[in-house]
$ cat structure.txt   # compact mmCIF, C-alpha atoms
# COMPACT_ATOMS: atom_id res chain seq x y z
CA MET K 73 -85.25 -78.56 12.92
CA PRO K 74 -88.30 -80.80 13.39
CA SER K 75 -89.58 -82.79 10.41
CA PRO K 76 -92.89 -81.78 8.77
CA ASP K 77 -94.55 -84.86 10.29
CA ALA K 78 -93.41 -83.90 13.77
CA GLY K 79 -94.87 -80.45 13.06
CA ARG K 80 -98.25 -81.93 12.23
CA GLY K 81 -98.19 -83.98 15.45
CA SER K 82 -97.38 -80.85 17.44
CA LEU K 83 -100.20 -78.97 15.74
CA SER K 84 -102.82 -81.53 16.75
CA SER K 85 -101.47 -81.92 20.28
CA GLY K 86 -101.56 -78.11 20.51
CA LEU K 87 -105.20 -78.21 19.41
CA ARG K 88 -106.02 -80.74 22.14
CA ALA K 89 -104.07 -78.85 24.82
CA GLY K 90 -105.88 -75.67 23.79
CA VAL K 91 -109.38 -77.04 24.51
CA PRO K 92 -109.68 -75.91 28.16
CA TYR K 93 -108.31 -72.47 27.21
CA ALA K 94 -110.78 -72.33 24.31
CA ILE K 95 -113.65 -72.92 26.76
CA ALA K 96 -112.28 -70.16 28.99
CA SER K 97 -111.82 -67.90 25.93
CA GLY K 98 -115.44 -68.53 24.99
CA ILE K 99 -116.69 -67.52 28.44
CA VAL K 100 -114.45 -64.45 28.69
CA GLY K 101 -115.37 -63.56 25.08
CA LEU K 102 -119.02 -63.85 26.08
CA SER K 103 -118.52 -61.39 28.93
CA PHE K 104 -116.65 -59.08 26.57
CA GLY K 105 -119.61 -59.18 24.18
CA VAL K 106 -122.13 -58.47 26.95
CA LEU K 107 -120.09 -55.54 28.33
CA ALA K 108 -119.07 -54.14 24.93
CA ARG K 109 -122.56 -54.04 23.38
CA PRO K 110 -123.90 -50.98 25.26
CA VAL K 111 -120.59 -49.10 24.82
CA MET K 112 -119.48 -50.04 21.31
CA GLY K 113 -122.53 -51.50 19.62
CA VAL K 114 -122.94 -55.01 18.19
CA ALA K 115 -120.90 -54.70 14.98
CA ALA K 116 -117.84 -52.96 16.44
CA ALA K 117 -117.65 -55.40 19.37
CA VAL K 118 -117.67 -58.45 17.06
CA VAL K 119 -115.28 -56.87 14.53
CA MET K 120 -112.87 -56.03 17.36
CA SER K 121 -112.78 -59.65 18.54
CA ILE K 122 -112.20 -60.85 14.96
CA THR K 123 -109.45 -58.36 14.05
CA VAL K 124 -107.74 -57.67 17.40
CA PHE K 125 -108.00 -61.02 19.25
CA ALA K 126 -106.21 -59.87 22.41
CA GLY K 127 -108.49 -60.15 25.42
CA SER K 128 -106.70 -57.92 27.91
CA ALA K 129 -106.16 -55.12 25.34
CA GLN K 130 -109.80 -55.29 24.25
CA PHE K 131 -111.04 -55.15 27.84
CA ALA K 132 -108.65 -52.27 28.60
CA ALA K 133 -109.79 -50.26 25.57
CA LEU K 134 -113.42 -51.00 26.40
CA ALA K 135 -112.87 -49.92 30.01
CA VAL K 136 -111.50 -46.56 28.83
CA LEU K 137 -114.38 -46.07 26.35
CA ALA K 138 -116.96 -47.09 28.98
CA ALA K 139 -115.54 -44.47 31.35
CA GLY K 140 -116.02 -41.81 28.68
CA GLY K 141 -112.42 -41.72 27.44
CA GLY K 142 -111.49 -40.98 23.84
CA ALA K 143 -110.11 -43.25 21.11
CA LEU K 144 -106.48 -42.30 21.72
CA PRO K 145 -106.32 -43.22 25.45
CA ALA K 146 -108.27 -46.39 24.61
CA ILE K 147 -105.79 -47.39 21.90
CA VAL K 148 -102.79 -46.47 24.06
CA ALA K 149 -104.12 -48.53 27.00
CA GLY K 150 -104.56 -51.55 24.73
CA PHE K 151 -101.21 -50.93 23.03
CA LEU K 152 -99.32 -50.82 26.33
CA LEU K 153 -100.91 -54.07 27.49
CA ASN K 154 -100.04 -55.66 24.16
CA LEU K 155 -96.37 -54.69 24.44
CA ARG K 156 -95.79 -57.95 26.31
CA PHE K 157 -96.13 -59.67 22.93
CA VAL K 158 -92.82 -58.05 21.90
CA PRO K 159 -90.63 -60.18 24.21
CA MET K 160 -92.92 -63.18 23.58
CA GLY K 161 -92.48 -62.71 19.81
CA ILE K 162 -88.73 -62.35 20.14
CA ALA K 163 -88.64 -65.56 22.18
CA ILE K 164 -90.37 -67.61 19.47
CA ALA K 165 -88.56 -65.88 16.55
CA PRO K 166 -85.65 -68.37 16.26
CA TRP K 167 -88.11 -71.28 16.02
CA LEU K 168 -90.16 -69.91 13.11
CA ARG K 169 -89.20 -71.77 9.94
CA HIS K 170 -90.63 -69.33 7.39
CA ARG K 171 -89.37 -65.96 6.16
CA GLY K 172 -90.87 -62.51 5.67
CA TRP K 173 -94.60 -61.99 5.91
CA LEU K 174 -95.24 -65.66 6.70
CA ARG K 175 -93.22 -65.16 9.90
CA ALA K 176 -95.25 -62.04 10.69
CA LEU K 177 -98.45 -63.98 10.01
CA ARG K 178 -97.44 -66.74 12.40
CA GLY K 179 -96.69 -64.11 15.01
CA GLN K 180 -100.40 -63.24 14.98
CA ALA K 181 -101.02 -66.57 16.75
CA LEU K 182 -99.36 -65.19 19.89
CA VAL K 183 -101.70 -65.33 22.87
CA ASP K 184 -100.65 -65.77 26.49
CA ALA K 185 -101.87 -69.32 27.10
CA SER K 186 -100.52 -70.71 23.79
CA TRP K 187 -97.15 -69.06 24.29
CA ALA K 188 -96.83 -70.40 27.82
CA MET K 189 -97.84 -73.95 26.78
CA ALA K 190 -95.47 -73.94 23.77
CA ASN K 191 -92.50 -73.11 26.00
CA ARG K 192 -90.23 -76.16 26.04
CA GLY K 193 -87.71 -74.66 28.47
CA GLU K 194 -84.18 -73.29 27.96
CA GLY K 195 -85.49 -70.81 25.40
CA ARG K 196 -86.94 -73.48 23.08
CA PHE K 197 -90.44 -73.15 21.60
CA ASP K 198 -92.71 -75.56 19.75
CA VAL K 199 -94.23 -73.14 17.24
CA ASP K 200 -96.57 -75.73 15.65
CA PHE K 201 -97.93 -76.53 19.11
CA LEU K 202 -98.50 -72.77 19.61
CA LEU K 203 -100.36 -72.50 16.28
CA GLY K 204 -102.56 -75.47 17.19
CA ALA K 205 -103.40 -74.13 20.65
CA THR K 206 -104.35 -70.74 19.18
CA ALA K 207 -106.29 -72.26 16.25
CA ILE K 208 -108.90 -73.56 18.70
CA GLN K 209 -108.96 -70.49 20.98
CA TYR K 210 -109.56 -67.99 18.18
CA PRO K 211 -112.98 -69.29 16.99
CA ALA K 212 -114.01 -69.73 20.63
CA TRP K 213 -113.13 -66.08 21.36
CA VAL K 214 -115.08 -64.81 18.32
CA LEU K 215 -118.11 -67.08 18.86
CA GLY K 216 -118.14 -66.18 22.57
CA THR K 217 -118.23 -62.48 21.66
CA ILE K 218 -121.09 -63.05 19.21
CA ALA K 219 -123.02 -65.00 21.86
CA GLY K 220 -122.28 -62.18 24.32
CA VAL K 221 -123.64 -59.34 22.18
CA ILE K 222 -126.77 -61.43 21.51
CA ALA K 223 -127.21 -62.30 25.20
CA GLY K 224 -126.46 -58.68 26.12
CA GLY K 225 -129.55 -57.60 24.20
CA VAL K 226 -131.69 -59.98 26.26
CA ILE K 227 -130.43 -59.46 29.81
CA GLY K 228 -130.57 -55.65 29.82
CA ASP K 229 -128.61 -53.86 32.57
CA PRO K 230 -125.30 -55.75 32.92
CA ASP K 231 -124.59 -54.17 36.34
CA LYS K 232 -127.64 -55.89 37.85
CA LEU K 233 -126.03 -59.26 37.10
CA GLY K 234 -122.71 -58.07 38.52
CA LEU K 235 -121.15 -58.22 35.06
CA ASP K 236 -119.16 -55.04 35.70
CA ALA K 237 -117.20 -57.08 38.28
CA ILE K 238 -115.95 -59.27 35.42
CA PHE K 239 -113.45 -56.56 34.40
CA PRO K 240 -111.47 -56.36 37.64
CA ALA K 241 -111.72 -60.14 38.19
CA PHE K 242 -110.36 -60.82 34.70
CA PHE K 243 -107.48 -58.37 35.12
CA LEU K 244 -106.71 -59.76 38.59
CA GLY K 245 -106.52 -63.25 37.07
CA LEU K 246 -104.00 -62.10 34.46
CA LEU K 247 -102.09 -60.20 37.15
CA PHE K 248 -101.79 -63.36 39.30
CA VAL K 249 -99.91 -65.08 36.45
CA GLU K 250 -97.62 -62.06 36.00
CA LEU K 251 -96.75 -61.92 39.70
CA ARG K 252 -94.59 -65.04 39.29
CA ARG K 253 -92.10 -62.80 37.50
CA SER K 254 -89.35 -61.47 39.76
CA GLY K 255 -89.93 -57.85 40.80
CA ALA K 256 -93.52 -57.88 39.50
CA GLY K 257 -95.09 -57.57 42.97
CA THR K 258 -93.47 -54.20 43.73
CA VAL K 259 -94.25 -52.93 40.23
CA ALA K 260 -97.89 -54.01 40.55
CA LEU K 261 -98.22 -52.27 43.94
CA LEU K 262 -96.73 -49.05 42.56
CA GLY K 263 -98.93 -49.25 39.44
CA ALA K 264 -102.05 -49.70 41.58
CA LEU K 265 -101.00 -46.76 43.77
CA ILE K 266 -100.42 -44.45 40.77
CA ALA K 267 -103.86 -45.34 39.39
CA LEU K 268 -105.56 -44.82 42.76
CA VAL K 269 -103.95 -41.43 43.33
CA LEU K 270 -104.73 -40.14 39.81
CA GLU K 271 -108.25 -41.58 39.59
CA PRO K 272 -110.10 -38.63 41.23
CA PHE K 273 -108.25 -36.04 39.11
CA ALA K 274 -107.18 -37.38 35.71
CA PRO K 275 -109.36 -38.00 32.63
CA PRO K 276 -110.42 -41.65 32.04
CA GLY K 277 -107.61 -43.81 30.72
CA VAL K 278 -104.82 -41.56 31.94
CA PRO K 279 -104.39 -43.27 35.37
CA ILE K 280 -103.91 -46.59 33.56
CA ILE K 281 -101.35 -45.22 31.12
CA ALA K 282 -99.49 -43.35 33.90
CA ALA K 283 -99.27 -46.60 35.88
CA ALA K 284 -97.09 -48.01 33.09
CA LEU K 285 -94.29 -45.84 34.53
CA ALA K 286 -94.10 -48.32 37.41
CA ALA K 287 -92.40 -50.72 34.97
CA LEU K 288 -89.36 -48.40 35.03
CA LEU K 289 -88.57 -50.03 38.40
CA GLY K 290 -87.06 -52.73 36.18
CA LEU K 291 -84.17 -50.33 35.51
CA ARG K 292 -83.02 -50.53 39.13
CA SER K 293 -79.87 -52.44 40.06
CA PRO K 294 -79.93 -55.91 38.46
CA GLN K 295 -80.28 -57.73 41.79
CA GLY K 296 -83.68 -56.05 42.20
CA SER K 297 -84.94 -57.29 38.84
CA ARG K 298 -82.97 -60.41 38.06
CA PRO K 299 -84.54 -62.33 35.18
CA ARG K 300 -86.05 -65.64 36.24
CA MET S 67 -122.00 -46.24 16.46
CA SER S 68 -119.72 -43.28 17.01
CA ALA S 69 -116.45 -42.64 15.18
CA THR S 70 -114.57 -42.97 18.48
CA VAL S 71 -115.49 -46.64 18.69
CA TRP S 72 -114.43 -47.47 15.12
CA ILE S 73 -111.21 -45.48 15.41
CA THR S 74 -110.44 -47.50 18.54
CA VAL S 75 -111.14 -50.78 16.73
CA ALA S 76 -108.97 -49.76 13.75
CA GLY S 77 -106.15 -48.42 15.92
CA LEU S 78 -106.08 -51.49 18.13
CA THR S 79 -106.22 -53.82 15.12
CA ILE S 80 -103.22 -52.18 13.46
CA THR S 81 -101.10 -51.81 16.60
CA THR S 82 -101.82 -55.35 17.82
CA ALA S 83 -100.90 -56.89 14.45
CA ALA S 84 -97.72 -54.79 14.34
CA ILE S 85 -96.71 -55.73 17.89
CA LYS S 86 -97.30 -59.45 17.29
CA ALA S 87 -95.35 -59.31 14.00
CA PHE S 88 -92.45 -57.31 15.46
CA GLY S 89 -90.55 -60.09 17.25
CA PRO S 90 -90.85 -62.70 14.47
CA LEU S 91 -89.94 -60.16 11.74
CA VAL S 92 -87.15 -58.16 13.35
CA PHE S 93 -85.52 -60.51 15.81
CA GLY S 94 -84.35 -63.65 14.07
CA GLY S 95 -82.57 -65.01 17.12
CA ARG S 96 -81.41 -61.61 18.37
CA GLN S 97 -82.02 -60.42 21.92
CA LEU S 98 -84.01 -57.37 23.08
CA PRO S 99 -81.75 -54.42 24.08
CA PRO S 100 -80.90 -55.03 27.78
CA LEU S 101 -82.62 -51.92 29.17
CA LEU S 102 -85.85 -52.61 27.26
CA ALA S 103 -85.69 -56.27 28.22
CA ARG S 104 -85.88 -55.21 31.86
CA VAL S 105 -88.81 -52.80 31.45
CA ILE S 106 -91.16 -54.43 28.91
CA PRO S 107 -91.88 -57.64 30.90
CA LEU S 108 -92.93 -55.43 33.83
CA LEU S 109 -95.43 -53.38 31.81
CA ALA S 110 -98.10 -56.06 32.12
CA PRO S 111 -98.13 -56.27 35.96
CA ALA S 112 -98.09 -52.44 36.24
CA LEU S 113 -101.01 -51.98 33.83
CA LEU S 114 -103.03 -54.93 35.09
CA ALA S 115 -102.77 -53.71 38.70
CA ALA S 116 -103.93 -50.25 37.57
CA LEU S 117 -106.83 -51.80 35.66
CA VAL S 118 -107.87 -53.82 38.72
CA VAL S 119 -107.98 -50.54 40.70
CA THR S 120 -109.81 -48.44 38.11
CA GLU S 121 -112.30 -51.18 37.24
CA THR S 122 -113.11 -51.84 40.90
CA THR S 123 -113.42 -48.23 42.05
CA GLY S 124 -114.05 -46.23 38.85
CA GLY S 125 -116.84 -45.71 36.34
CA HIS S 126 -118.78 -43.07 38.26
CA GLY S 127 -116.98 -39.92 37.19
CA ARG S 128 -113.76 -38.63 38.69
CA THR S 129 -114.10 -40.20 42.10
CA ILE S 130 -113.15 -43.36 43.95
CA SER S 131 -116.36 -45.31 44.56
CA VAL S 132 -116.54 -48.36 46.80
CA ASP S 133 -119.46 -50.65 45.94
CA ALA S 134 -120.43 -54.31 45.48
CA ARG S 135 -117.60 -54.82 42.98
CA VAL S 136 -115.14 -54.85 45.90
CA GLY S 137 -116.90 -57.95 47.25
CA GLY S 138 -116.68 -59.55 43.82
CA LEU S 139 -112.98 -58.77 43.64
CA VAL S 140 -112.29 -60.30 47.06
CA VAL S 141 -114.04 -63.50 45.96
CA ALA S 142 -112.04 -63.45 42.72
CA ALA S 143 -108.80 -63.15 44.70
CA VAL S 144 -109.75 -66.09 46.92
CA ALA S 145 -110.72 -68.18 43.87
CA LEU S 146 -107.41 -67.37 42.18
CA TRP S 147 -105.52 -68.23 45.35
CA LEU S 148 -107.32 -71.61 45.30
CA ARG S 149 -106.08 -71.97 41.69
CA ALA S 150 -109.55 -71.83 40.12
CA PRO S 151 -109.60 -71.39 36.31
CA LEU S 152 -110.08 -67.83 35.01
CA ALA S 153 -113.58 -68.56 33.68
CA VAL S 154 -114.69 -69.74 37.15
CA VAL S 155 -113.06 -66.67 38.74
CA VAL S 156 -114.95 -64.15 36.60
CA VAL S 157 -118.29 -65.96 36.97
CA ALA S 158 -117.86 -66.13 40.77
CA ALA S 159 -116.99 -62.42 40.93
CA ALA S 160 -120.07 -61.48 38.90
CA ALA S 161 -122.35 -63.76 40.95
CA VAL S 162 -121.18 -62.35 44.31
CA THR S 163 -121.46 -58.76 43.05
CA ALA S 164 -124.99 -59.39 41.78
CA LEU S 165 -125.91 -61.04 45.09
CA LEU S 166 -124.53 -58.11 47.10
CA ARG S 167 -126.55 -55.68 44.96
CA LEU S 168 -129.67 -57.80 45.49
CA VAL S 169 -129.42 -57.76 49.30
CA THR S 170 -128.21 -54.16 49.84

$ encode --input "structure.txt" --output "structure tokens"
Amino acid sequence: MPSPDAGRGSLSSGLRAGVPYAIASGIVGLSFGVLARPVMGVAAAVVMSITVFAGSAQFAALAVLAAGGGALPAIVAGFLLNLRFVPMGIAIAPWLRHRGWLRALRGQALVDASWAMANRGEGRFDVDFLLGATAIQYPAWVLGTIAGVIAGGVIGDPDKLGLDAIFPAFFLGLLFVELRRSGAGTVALLGALIALVLEPFAPPGVPIIAAALAALLGLRSPQGSRPR
Amino acid sequence: MSATVWITVAGLTITTAAIKAFGPLVFGGRQLPPLLARVIPLLAPALLAALVVTETTGGHGRTISVDARVGGLVVAAVALWLRAPLAVVVVAAAAVTALLRLVT
């Protein structure tokens, strides 16, 4: 177990390492604010960034709402995207010093970039580093959203500025990172195909949720889905 | 705003907190059941690919529409391939889409 002093050092180096991701969070948060304002309103968009703090889930839920989908498909779309935090949380679990609700509280710091940076290899995680990296991304995400809803009121039609293209570009960026995982390419292709086929027929949100079935390809023979 | 929006915010808040707490609370050093461990990591690529499709070609009712967003997505793919940061990728995609809309 690391000493408390080592923990403090990790926390501040996590903060420093988190700076570029905080800038990115701010910009993506800004686009979330701009796109969310006409669909959700100012208050709900900002509250969502404060209480949810999971970019891909927020964008997914917003995409479903923007397409006219209901609350349930929006929540399910966000929920399914968030499920990746289950294996991430299990991976950091042995390295959390505290017990009970303090452990659960620390789990809230899980975001993709922090988790990836805190990975020390061979299943080891620097949890203080993770907390530090998230501590700087969280205010950036919230402030970016606030700036976005304010800017959204000024610029008017977001489509004119091509802001609707931010959604697919953002998801493609996250997908690129995922594709490093073995078997992910085939799953992504199948998921895209399911969505494309269902899009002209199914209610908004359903094609996205149905595409989750592509992940069942992971159940094939182990040589097709060998862990990294 | 409408109840739908606030229900979505509440639902996503609760489920996200629960999901992030699950691993740290339940699995003190234990492993995910093998079958789940093979499926859950693949949920993200499946859903993200679907979102790329629906967000590029959707939004105009139940139809597949091909518009300036496709150009933005191509530029995003090139930028990602060149290892550009995500913030640059989304700004480039928006700029190209806006430009395409301006000239067509």

$ residues_near_point --input "structure.txt" --point "(-114.0, -57.0, 40.9)" --cutoff "6 Å" --atoms "all atoms listed in the file" --output "list of chain:residue names"
K:Ala237, K:Pro240, K:Ala241, S:Thr122, S:Arg135, S:Val136, S:Gly138, S:Leu139

$ atom_distance --input "structure.txt" --atom1 "atom CA of K:Leu107" --atom2 "atom CA of S:Val169"
23.1 Å

$ interface_residues --input "structure.txt" --of "chain S" --to "chain K" --cutoff "6 Å" --atoms "only C-alpha atoms" --output "compact mmCIF listing (two decimals) with C-alpha atoms, keeping the file's coordinate frame"
# COMPACT_ATOMS: atom_id res chain seq x y z
CA THR S 70 -114.57 -42.97 18.48
CA VAL S 71 -115.49 -46.64 18.69
CA THR S 74 -110.44 -47.50 18.54
CA VAL S 75 -111.14 -50.78 16.73
CA LEU S 78 -106.08 -51.49 18.13
CA THR S 79 -106.22 -53.82 15.12
CA LYS S 86 -97.30 -59.45 17.29
CA ALA S 87 -95.35 -59.31 14.00
CA GLY S 89 -90.55 -60.09 17.25
CA PRO S 90 -90.85 -62.70 14.47
CA LEU S 91 -89.94 -60.16 11.74
CA PHE S 93 -85.52 -60.51 15.81
CA GLY S 94 -84.35 -63.65 14.07
CA GLY S 95 -82.57 -65.01 17.12
CA ARG S 104 -85.88 -55.21 31.86
CA VAL S 105 -88.81 -52.80 31.45
CA LEU S 108 -92.93 -55.43 33.83
CA LEU S 109 -95.43 -53.38 31.81
CA ALA S 110 -98.10 -56.06 32.12
CA PRO S 111 -98.13 -56.27 35.96
CA ALA S 112 -98.09 -52.44 36.24
CA LEU S 113 -101.01 -51.98 33.83
CA LEU S 114 -103.03 -54.93 35.09
CA ALA S 115 -102.77 -53.71 38.70
CA ALA S 116 -103.93 -50.25 37.57
CA VAL S 118 -107.87 -53.82 38.72
CA GLU S 121 -112.30 -51.18 37.24
CA THR S 122 -113.11 -51.84 40.90
CA GLY S 125 -116.84 -45.71 36.34
CA ARG S 128 -113.76 -38.63 38.69
CA THR S 129 -114.10 -40.20 42.10
CA ARG S 135 -117.60 -54.82 42.98
CA LEU S 139 -112.98 -58.77 43.64
CA ALA S 142 -112.04 -63.45 42.72
CA ALA S 153 -113.58 -68.56 33.68
CA VAL S 156 -114.95 -64.15 36.60
CA ALA S 159 -116.99 -62.42 40.93
CA ALA S 160 -120.07 -61.48 38.90
CA THR S 163 -121.46 -58.76 43.05
CA ALA S 164 -124.99 -59.39 41.78

$ atom_distance --input "structure.txt" --atom1 "atom CA of S:Leu166" --atom2 "atom CA of S:Ala134"
5.8 Å

$ atom_distance --input "structure.txt" --atom1 "atom CA of K:Ala94" --atom2 "atom CA of K:Tyr210"
7.6 Å

$ closest_residue --input "structure.txt" --among "K:Ser85, K:Leu102, K:Val118, K:Ile227" --to "S:Trp72" --atoms "only C-alpha atoms"
K:Val118

$ decode --input "structure.txt" --residues "stretch 106-124 of chain S" --atoms "C-alpha atoms" --output "CSV table (one decimal), in the first residue's frame"
chain,number,residue,atom,x,y,z
S,106,ILE,CA,-19.5,-5.9,-21.4
S,107,PRO,CA,-16.2,-4.6,-22.8
S,108,LEU,CA,-17.7,-5.0,-26.3
S,109,LEU,CA,-20.9,-2.9,-25.5
S,110,ALA,CA,-19.1,0.4,-26.0
S,111,PRO,CA,-17.8,-0.3,-29.6
S,112,ALA,CA,-21.3,-1.7,-30.6
S,113,LEU,CA,-23.2,1.3,-29.2
S,114,LEU,CA,-20.7,3.9,-30.4
S,115,ALA,CA,-20.7,2.5,-33.9
S,116,ALA,CA,-24.5,2.7,-33.9
S,117,LEU,CA,-24.4,6.2,-32.6
S,118,VAL,CA,-22.0,7.3,-35.4
S,119,VAL,CA,-24.6,5.9,-37.9
S,120,THR,CA,-27.7,7.4,-36.4
S,121,GLU,CA,-26.1,10.7,-35.7
S,122,THR,CA,-24.7,11.0,-39.2
S,123,THR,CA,-27.8,9.8,-41.1
S,124,GLY,CA,-30.7,10.4,-38.7
